[in-house]
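Heads up, query.cif below (mmCIF, N, CA and C atoms):
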```cif
data_target
loop_
_atom_site.label_atom_id
_atom_site.label_comp_id
_atom_site.auth_asym_id
_atom_site.auth_seq_id
_atom_site.Cartn_x
_atom_site.Cartn_y
_atom_site.Cartn_z
N GLN K 1 0.84 -1.18 0.00
CA GLN K 1 0.00 0.00 0.00
C GLN K 1 0.89 1.24 0.00
N VAL K 2 0.57 2.18 -0.87
CA VAL K 2 1.36 3.40 -0.99
C VAL K 2 0.71 4.51 -0.17
N GLN K 3 1.52 5.22 0.57
CA GLN K 3 1.06 6.42 1.29
C GLN K 3 1.92 7.60 0.91
N LEU K 4 1.28 8.74 0.74
CA LEU K 4 1.98 9.98 0.47
C LEU K 4 1.65 10.96 1.59
N VAL K 5 2.66 11.56 2.19
CA VAL K 5 2.46 12.48 3.31
C VAL K 5 3.17 13.79 3.00
N GLU K 6 2.38 14.85 2.91
CA GLU K 6 2.94 16.18 2.63
C GLU K 6 3.31 16.89 3.93
N SER K 7 4.26 17.80 3.81
CA SER K 7 4.63 18.66 4.93
C SER K 7 5.22 19.95 4.36
N GLY K 8 5.33 20.96 5.22
CA GLY K 8 5.98 22.19 4.82
C GLY K 8 5.06 23.36 4.54
N GLY K 9 3.76 23.12 4.59
CA GLY K 9 2.84 24.23 4.36
C GLY K 9 2.84 25.18 5.55
N GLY K 10 2.13 26.29 5.38
CA GLY K 10 2.05 27.26 6.46
C GLY K 10 1.59 28.61 5.98
N LEU K 11 1.77 29.61 6.83
CA LEU K 11 1.39 30.98 6.53
C LEU K 11 2.64 31.78 6.21
N VAL K 12 2.61 32.50 5.11
CA VAL K 12 3.76 33.29 4.69
C VAL K 12 3.27 34.58 4.07
N GLN K 13 4.07 35.62 4.17
CA GLN K 13 3.71 36.89 3.54
C GLN K 13 4.01 36.85 2.05
N ALA K 14 3.30 37.66 1.31
CA ALA K 14 3.55 37.77 -0.13
C ALA K 14 5.02 38.10 -0.37
N GLY K 15 5.58 37.42 -1.35
CA GLY K 15 7.00 37.59 -1.66
C GLY K 15 7.89 36.60 -0.95
N GLY K 16 7.34 35.88 0.00
CA GLY K 16 8.11 34.91 0.76
C GLY K 16 8.24 33.57 0.05
N SER K 17 8.84 32.63 0.75
CA SER K 17 9.11 31.31 0.18
C SER K 17 8.67 30.21 1.14
N LEU K 18 8.33 29.08 0.57
CA LEU K 18 8.06 27.86 1.31
C LEU K 18 8.59 26.69 0.51
N ARG K 19 8.93 25.61 1.22
CA ARG K 19 9.33 24.38 0.55
C ARG K 19 8.43 23.25 1.03
N LEU K 20 7.68 22.69 0.11
CA LEU K 20 6.83 21.56 0.42
C LEU K 20 7.61 20.26 0.19
N SER K 21 7.31 19.28 1.04
CA SER K 21 7.90 17.96 0.88
C SER K 21 6.79 16.92 0.87
N CYS K 22 7.05 15.83 0.16
CA CYS K 22 6.11 14.72 0.12
C CYS K 22 6.91 13.44 0.29
N ALA K 23 6.59 12.70 1.33
CA ALA K 23 7.27 11.44 1.60
C ALA K 23 6.39 10.28 1.16
N ALA K 24 6.95 9.42 0.33
CA ALA K 24 6.21 8.25 -0.16
C ALA K 24 6.68 7.01 0.58
N SER K 25 5.73 6.19 0.97
CA SER K 25 6.06 4.91 1.59
C SER K 25 5.31 3.81 0.87
N GLY K 26 5.83 2.60 0.96
CA GLY K 26 5.21 1.48 0.27
C GLY K 26 6.22 0.78 -0.62
N ASN K 27 5.73 -0.12 -1.45
CA ASN K 27 6.64 -0.98 -2.19
C ASN K 27 6.84 -0.55 -3.65
N ILE K 28 6.62 0.71 -3.93
CA ILE K 28 6.92 1.24 -5.26
C ILE K 28 8.12 2.16 -5.12
N PHE K 29 9.13 1.94 -5.96
CA PHE K 29 10.39 2.67 -5.79
C PHE K 29 10.62 3.73 -6.86
N ASN K 30 9.88 3.68 -7.93
CA ASN K 30 10.11 4.66 -8.98
C ASN K 30 8.79 4.97 -9.69
N PHE K 31 8.07 5.90 -9.13
CA PHE K 31 6.82 6.32 -9.76
C PHE K 31 7.10 6.92 -11.13
N HIS K 32 6.20 6.67 -12.08
CA HIS K 32 6.40 7.20 -13.42
C HIS K 32 6.34 8.71 -13.43
N THR K 33 5.35 9.24 -12.73
CA THR K 33 5.16 10.68 -12.66
C THR K 33 4.78 11.06 -11.23
N MET K 34 5.36 12.14 -10.75
CA MET K 34 4.96 12.70 -9.47
C MET K 34 4.65 14.17 -9.68
N GLY K 35 3.76 14.67 -8.88
CA GLY K 35 3.39 16.06 -9.09
C GLY K 35 2.74 16.70 -7.89
N TRP K 36 2.57 17.99 -8.01
CA TRP K 36 1.86 18.80 -7.01
C TRP K 36 0.64 19.41 -7.67
N TYR K 37 -0.46 19.30 -6.99
CA TYR K 37 -1.70 19.93 -7.39
C TYR K 37 -2.13 20.85 -6.25
N ARG K 38 -3.03 21.76 -6.56
CA ARG K 38 -3.58 22.62 -5.51
C ARG K 38 -5.05 22.88 -5.74
N GLN K 39 -5.74 23.16 -4.65
CA GLN K 39 -7.16 23.47 -4.73
C GLN K 39 -7.47 24.62 -3.79
N ALA K 40 -7.90 25.71 -4.38
CA ALA K 40 -8.31 26.88 -3.60
C ALA K 40 -9.80 26.78 -3.31
N PRO K 41 -10.27 27.45 -2.27
CA PRO K 41 -11.70 27.39 -1.92
C PRO K 41 -12.57 27.77 -3.10
N GLY K 42 -13.55 26.93 -3.39
CA GLY K 42 -14.48 27.22 -4.47
C GLY K 42 -13.96 26.98 -5.86
N LYS K 43 -12.75 26.43 -5.96
CA LYS K 43 -12.15 26.19 -7.27
C LYS K 43 -11.84 24.71 -7.45
N GLN K 44 -11.62 24.32 -8.70
CA GLN K 44 -11.26 22.94 -8.98
C GLN K 44 -9.77 22.72 -8.68
N ARG K 45 -9.45 21.47 -8.43
CA ARG K 45 -8.05 21.12 -8.22
C ARG K 45 -7.30 21.32 -9.53
N GLU K 46 -6.12 21.91 -9.46
CA GLU K 46 -5.35 22.18 -10.66
C GLU K 46 -3.92 21.70 -10.51
N LEU K 47 -3.33 21.36 -11.64
CA LEU K 47 -1.94 20.93 -11.66
C LEU K 47 -1.04 22.14 -11.44
N VAL K 48 -0.06 21.98 -10.55
CA VAL K 48 0.94 23.02 -10.32
C VAL K 48 2.23 22.67 -11.05
N ALA K 49 2.71 21.45 -10.82
CA ALA K 49 3.97 21.03 -11.44
C ALA K 49 4.05 19.51 -11.44
N GLN K 50 4.73 18.97 -12.45
CA GLN K 50 4.93 17.53 -12.57
C GLN K 50 6.38 17.24 -12.89
N ILE K 51 6.83 16.07 -12.45
CA ILE K 51 8.17 15.61 -12.81
C ILE K 51 8.10 14.12 -13.11
N ARG K 52 8.70 13.73 -14.22
CA ARG K 52 8.67 12.33 -14.64
C ARG K 52 9.90 11.60 -14.14
N SER K 53 9.87 10.30 -14.27
CA SER K 53 10.97 9.50 -13.74
C SER K 53 12.30 9.85 -14.40
N GLY K 54 12.24 10.33 -15.64
CA GLY K 54 13.47 10.72 -16.32
C GLY K 54 13.96 12.11 -15.97
N GLY K 55 13.14 12.84 -15.22
CA GLY K 55 13.54 14.17 -14.77
C GLY K 55 12.90 15.33 -15.51
N SER K 56 12.17 15.07 -16.58
CA SER K 56 11.52 16.18 -17.29
C SER K 56 10.40 16.74 -16.43
N THR K 57 10.17 18.03 -16.59
CA THR K 57 9.20 18.72 -15.75
C THR K 57 8.25 19.55 -16.59
N ASN K 58 7.10 19.85 -16.03
CA ASN K 58 6.22 20.85 -16.62
C ASN K 58 5.51 21.60 -15.49
N TYR K 59 5.19 22.85 -15.75
CA TYR K 59 4.63 23.74 -14.74
C TYR K 59 3.39 24.44 -15.29
N ALA K 60 2.50 24.78 -14.38
CA ALA K 60 1.41 25.66 -14.73
C ALA K 60 2.00 27.03 -15.08
N ASP K 61 1.39 27.71 -16.03
CA ASP K 61 1.90 29.02 -16.44
C ASP K 61 1.98 29.98 -15.26
N SER K 62 1.04 29.85 -14.34
CA SER K 62 0.96 30.79 -13.22
C SER K 62 2.13 30.68 -12.24
N VAL K 63 2.88 29.57 -12.29
CA VAL K 63 3.97 29.38 -11.34
C VAL K 63 5.34 29.31 -12.00
N LYS K 64 5.38 29.33 -13.32
CA LYS K 64 6.66 29.24 -14.04
C LYS K 64 7.59 30.36 -13.59
N GLY K 65 8.84 29.99 -13.32
CA GLY K 65 9.83 30.96 -12.90
C GLY K 65 9.82 31.23 -11.40
N ARG K 66 8.80 30.74 -10.70
CA ARG K 66 8.72 30.97 -9.25
C ARG K 66 8.82 29.66 -8.46
N PHE K 67 8.26 28.58 -9.02
CA PHE K 67 8.25 27.29 -8.33
C PHE K 67 9.21 26.33 -9.03
N THR K 68 9.79 25.43 -8.23
CA THR K 68 10.67 24.40 -8.78
C THR K 68 10.32 23.06 -8.14
N ILE K 69 10.04 22.08 -8.99
CA ILE K 69 9.73 20.74 -8.51
C ILE K 69 10.98 19.87 -8.63
N SER K 70 11.17 18.99 -7.65
CA SER K 70 12.30 18.06 -7.70
C SER K 70 11.92 16.79 -6.97
N ARG K 71 12.67 15.73 -7.26
CA ARG K 71 12.40 14.45 -6.60
C ARG K 71 13.70 13.75 -6.28
N ASP K 72 13.66 12.96 -5.23
CA ASP K 72 14.80 12.12 -4.84
C ASP K 72 14.28 10.70 -4.78
N ASN K 73 14.55 9.93 -5.84
CA ASN K 73 14.00 8.58 -5.92
C ASN K 73 14.58 7.65 -4.85
N THR K 74 15.82 7.87 -4.46
CA THR K 74 16.42 6.99 -3.46
C THR K 74 15.75 7.17 -2.10
N LYS K 75 15.30 8.38 -1.83
CA LYS K 75 14.62 8.66 -0.56
C LYS K 75 13.11 8.63 -0.71
N LYS K 76 12.63 8.45 -1.94
CA LYS K 76 11.19 8.47 -2.23
C LYS K 76 10.57 9.77 -1.71
N MET K 77 11.19 10.88 -2.11
CA MET K 77 10.72 12.20 -1.70
C MET K 77 10.44 13.06 -2.92
N LEU K 78 9.45 13.91 -2.77
CA LEU K 78 9.10 14.91 -3.78
C LEU K 78 9.10 16.26 -3.10
N TYR K 79 9.59 17.27 -3.81
CA TYR K 79 9.69 18.61 -3.23
C TYR K 79 9.08 19.64 -4.17
N LEU K 80 8.66 20.75 -3.56
CA LEU K 80 8.23 21.90 -4.34
C LEU K 80 8.77 23.14 -3.65
N GLN K 81 9.74 23.77 -4.27
CA GLN K 81 10.27 25.03 -3.78
C GLN K 81 9.44 26.15 -4.36
N MET K 82 8.84 26.94 -3.50
CA MET K 82 7.95 28.00 -3.92
C MET K 82 8.54 29.35 -3.49
N ASN K 83 8.88 30.17 -4.46
CA ASN K 83 9.43 31.50 -4.20
C ASN K 83 8.49 32.57 -4.72
N SER K 84 8.71 33.78 -4.26
CA SER K 84 7.90 34.93 -4.70
C SER K 84 6.41 34.61 -4.61
N LEU K 85 6.02 34.09 -3.49
CA LEU K 85 4.62 33.66 -3.32
C LEU K 85 3.67 34.84 -3.39
N LYS K 86 2.49 34.56 -3.94
CA LYS K 86 1.45 35.56 -4.11
C LYS K 86 0.19 35.12 -3.36
N PRO K 87 -0.66 36.05 -2.99
CA PRO K 87 -1.91 35.65 -2.32
C PRO K 87 -2.71 34.63 -3.13
N GLU K 88 -2.65 34.72 -4.44
CA GLU K 88 -3.41 33.78 -5.28
C GLU K 88 -2.82 32.37 -5.26
N ASP K 89 -1.68 32.18 -4.62
CA ASP K 89 -1.13 30.84 -4.45
C ASP K 89 -1.75 30.13 -3.24
N THR K 90 -2.56 30.84 -2.49
CA THR K 90 -3.21 30.24 -1.33
C THR K 90 -4.11 29.09 -1.75
N ALA K 91 -3.88 27.93 -1.15
CA ALA K 91 -4.62 26.72 -1.51
C ALA K 91 -4.15 25.56 -0.64
N VAL K 92 -4.87 24.47 -0.74
CA VAL K 92 -4.37 23.21 -0.20
C VAL K 92 -3.56 22.53 -1.31
N TYR K 93 -2.34 22.17 -0.99
CA TYR K 93 -1.45 21.55 -1.97
C TYR K 93 -1.39 20.04 -1.73
N TYR K 94 -1.57 19.30 -2.81
CA TYR K 94 -1.61 17.85 -2.75
C TYR K 94 -0.47 17.24 -3.54
N CYS K 95 0.10 16.21 -2.97
CA CYS K 95 1.12 15.41 -3.65
C CYS K 95 0.42 14.29 -4.42
N ASN K 96 0.91 14.01 -5.62
CA ASN K 96 0.34 12.97 -6.46
C ASN K 96 1.45 12.10 -7.03
N ALA K 97 1.16 10.81 -7.13
CA ALA K 97 2.13 9.88 -7.73
C ALA K 97 1.39 8.88 -8.60
N VAL K 98 1.95 8.60 -9.75
CA VAL K 98 1.33 7.69 -10.71
C VAL K 98 2.29 6.54 -10.99
N TYR K 99 1.72 5.33 -10.94
CA TYR K 99 2.49 4.13 -11.26
C TYR K 99 1.60 3.26 -12.13
N TYR K 100 1.94 3.15 -13.41
CA TYR K 100 1.08 2.50 -14.39
C TYR K 100 -0.32 3.10 -14.29
N SER K 101 -1.33 2.33 -14.01
CA SER K 101 -2.69 2.87 -13.97
C SER K 101 -3.13 3.28 -12.58
N SER K 102 -2.23 3.19 -11.61
CA SER K 102 -2.57 3.55 -10.24
C SER K 102 -2.19 4.99 -9.94
N ASP K 103 -3.10 5.66 -9.27
CA ASP K 103 -2.98 7.09 -8.99
C ASP K 103 -3.08 7.26 -7.48
N TYR K 104 -2.07 7.88 -6.85
CA TYR K 104 -2.04 8.02 -5.41
C TYR K 104 -2.03 9.49 -5.02
N TRP K 105 -2.70 9.79 -3.89
CA TRP K 105 -2.80 11.17 -3.41
C TRP K 105 -2.48 11.26 -1.94
N GLY K 106 -1.87 12.38 -1.56
CA GLY K 106 -1.69 12.68 -0.15
C GLY K 106 -2.92 13.39 0.39
N GLN K 107 -2.88 13.72 1.68
CA GLN K 107 -4.01 14.36 2.34
C GLN K 107 -4.00 15.87 2.14
N GLY K 108 -2.89 16.42 1.73
CA GLY K 108 -2.82 17.85 1.46
C GLY K 108 -2.19 18.64 2.60
N THR K 109 -1.61 19.77 2.23
CA THR K 109 -1.04 20.70 3.21
C THR K 109 -1.46 22.12 2.82
N GLN K 110 -1.87 22.88 3.81
CA GLN K 110 -2.40 24.22 3.55
C GLN K 110 -1.26 25.22 3.37
N VAL K 111 -1.37 25.99 2.32
CA VAL K 111 -0.46 27.12 2.10
C VAL K 111 -1.31 28.39 2.06
N THR K 112 -0.98 29.33 2.92
CA THR K 112 -1.70 30.59 2.96
C THR K 112 -0.71 31.73 2.79
N VAL K 113 -0.97 32.57 1.80
CA VAL K 113 -0.09 33.71 1.52
C VAL K 113 -0.87 34.98 1.81
N SER K 114 -0.37 35.76 2.76
CA SER K 114 -1.04 36.99 3.14
C SER K 114 -0.49 38.17 2.34
N SER K 115 -1.36 39.13 2.09
CA SER K 115 -0.93 40.29 1.28
C SER K 115 -0.40 41.40 2.17
#
```
For this file, write the structure as C-alpha cells.
Amino acid sequence: QVQLVESGGGLVQAGGSLRLSCAASGNIFNFHTMGWYRQAPGKQRELVAQIRSGGSTNYADSVKGRFTISRDNTKKMLYLQMNSLKPEDTAVYYCNAVYYSSDYWGQGTQVTVSS
C-alpha cells in the first residue's frame, strides 16, 4: 500500500518562500510521474507542477519561474520550492504519484499567503 504524506505548508507573507515535501512509503520505488496539485476554496483542483521518472518537468503558467519541482527517488521524496509567493497561491497543496494505472494522493497541506 502506498502512502503519500505532505509537509511544509504554512502561513507566509507575499513575496516569501516555502518548501513543500512529500514522503512516499510502500513498495513502489520509482513512480512514473509525481506532481503537485492545488485546490483553492471554491475552485477545482489544478496541476501546479509535474516531474517524470526521467527528470523532465512541466509547470502551470501561473507558477513558471517561481516554483521548482524536484524528486529524490532513493529517498522516495518529492519537493516543491515556492518562491515569490502571491496571495493567489493560497490553496491546499496535494502530492500525487502515478504508477502505471494507479494514482495516489496525499491528504494535502495548507499554504496561505497573506498580502
Which of these, K:Gly42, K:Gln3, K:Ser84, K:Trp36, has the shortest distance to Leu18 (chain K) once you count all atoms listed in the file? K:Ser84
Using only C-alpha atoms, which of K:Gln13, K:Thr33, K:Thr109, K:Thr68 sits nearest Val48 (chain K)? K:Thr68
Minimum-distance residue to Ser25 (chain K), chosen among K:Gln44, K:Lys75, K:Val63, K:Ile69 (using only N, CA and C atoms): K:Lys75
What are the DSSP strand (DSSP E) residues of region 4-114 of chain K, as a PyMOL selection string? chain K and resi 4-7+10-13+18-25+33-39+46-52+57-59+67-72+77-82+91-99+102-105+109-114
In Å, with one decimal, what is the gap from CA of Tyr104 (chain K) to atom N of Leu4 (chain K)? 7.0 Å
Applied to this file, what does the PyMOL selection byres ((chain K and resi 38) around 6) return in terms of residues, put as a list in words? Trp36, Tyr37, Gln39, Ala40, Gln44, Arg45, Glu46, Leu47, Val48, Ala91, Val92, Tyr93 and Tyr94 of chain K
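With CA of Thr57 (chain K) on one side and CA of Ser114 (chain K) on the other, the separation reads 28.2 Å.
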Expansion of the PyMOL selection byres (((chain K and resi 78 and name CA) around 12) and name CA) into residues, as an NGL selection string: :K and (4-8 or 19-25 or 30-31 or 33-36 or 49-53 or 55 or 68-77 or 79-81 or 94-97 or 106)
What residues have an atom no more than 12 Å from (1.0, 34.2, -4.8) in the file's own frame, counting only C-alpha atoms, and can you write them as a ChimeraX atom specification? /K:11-18,40,62-64,66-67,82-91,111-115
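Of note, atom C of Asp61 (chain K) and atom N of Lys43 (chain K) are spaced 17.8 Å apart.
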Quick one: residues within 5 Å of (4.9, 4.0, -12.9) (file frame), counting only N, CA and C atoms, please, as number ranges by chain. K: 31-32, 98-100
Taking all atoms of region 92-111 of chain K that appear in the file, build a box with edges along x, y and z, extend it by 6 Å on every side, and state its centre and edge lengths in Å to one decimal, as AutoDock Vina command-line options.
```
--center_x -1.2 --center_y 15.4 --center_z -5.3 --size_x 19.4 --size_y 38.1 --size_z 30.2
```
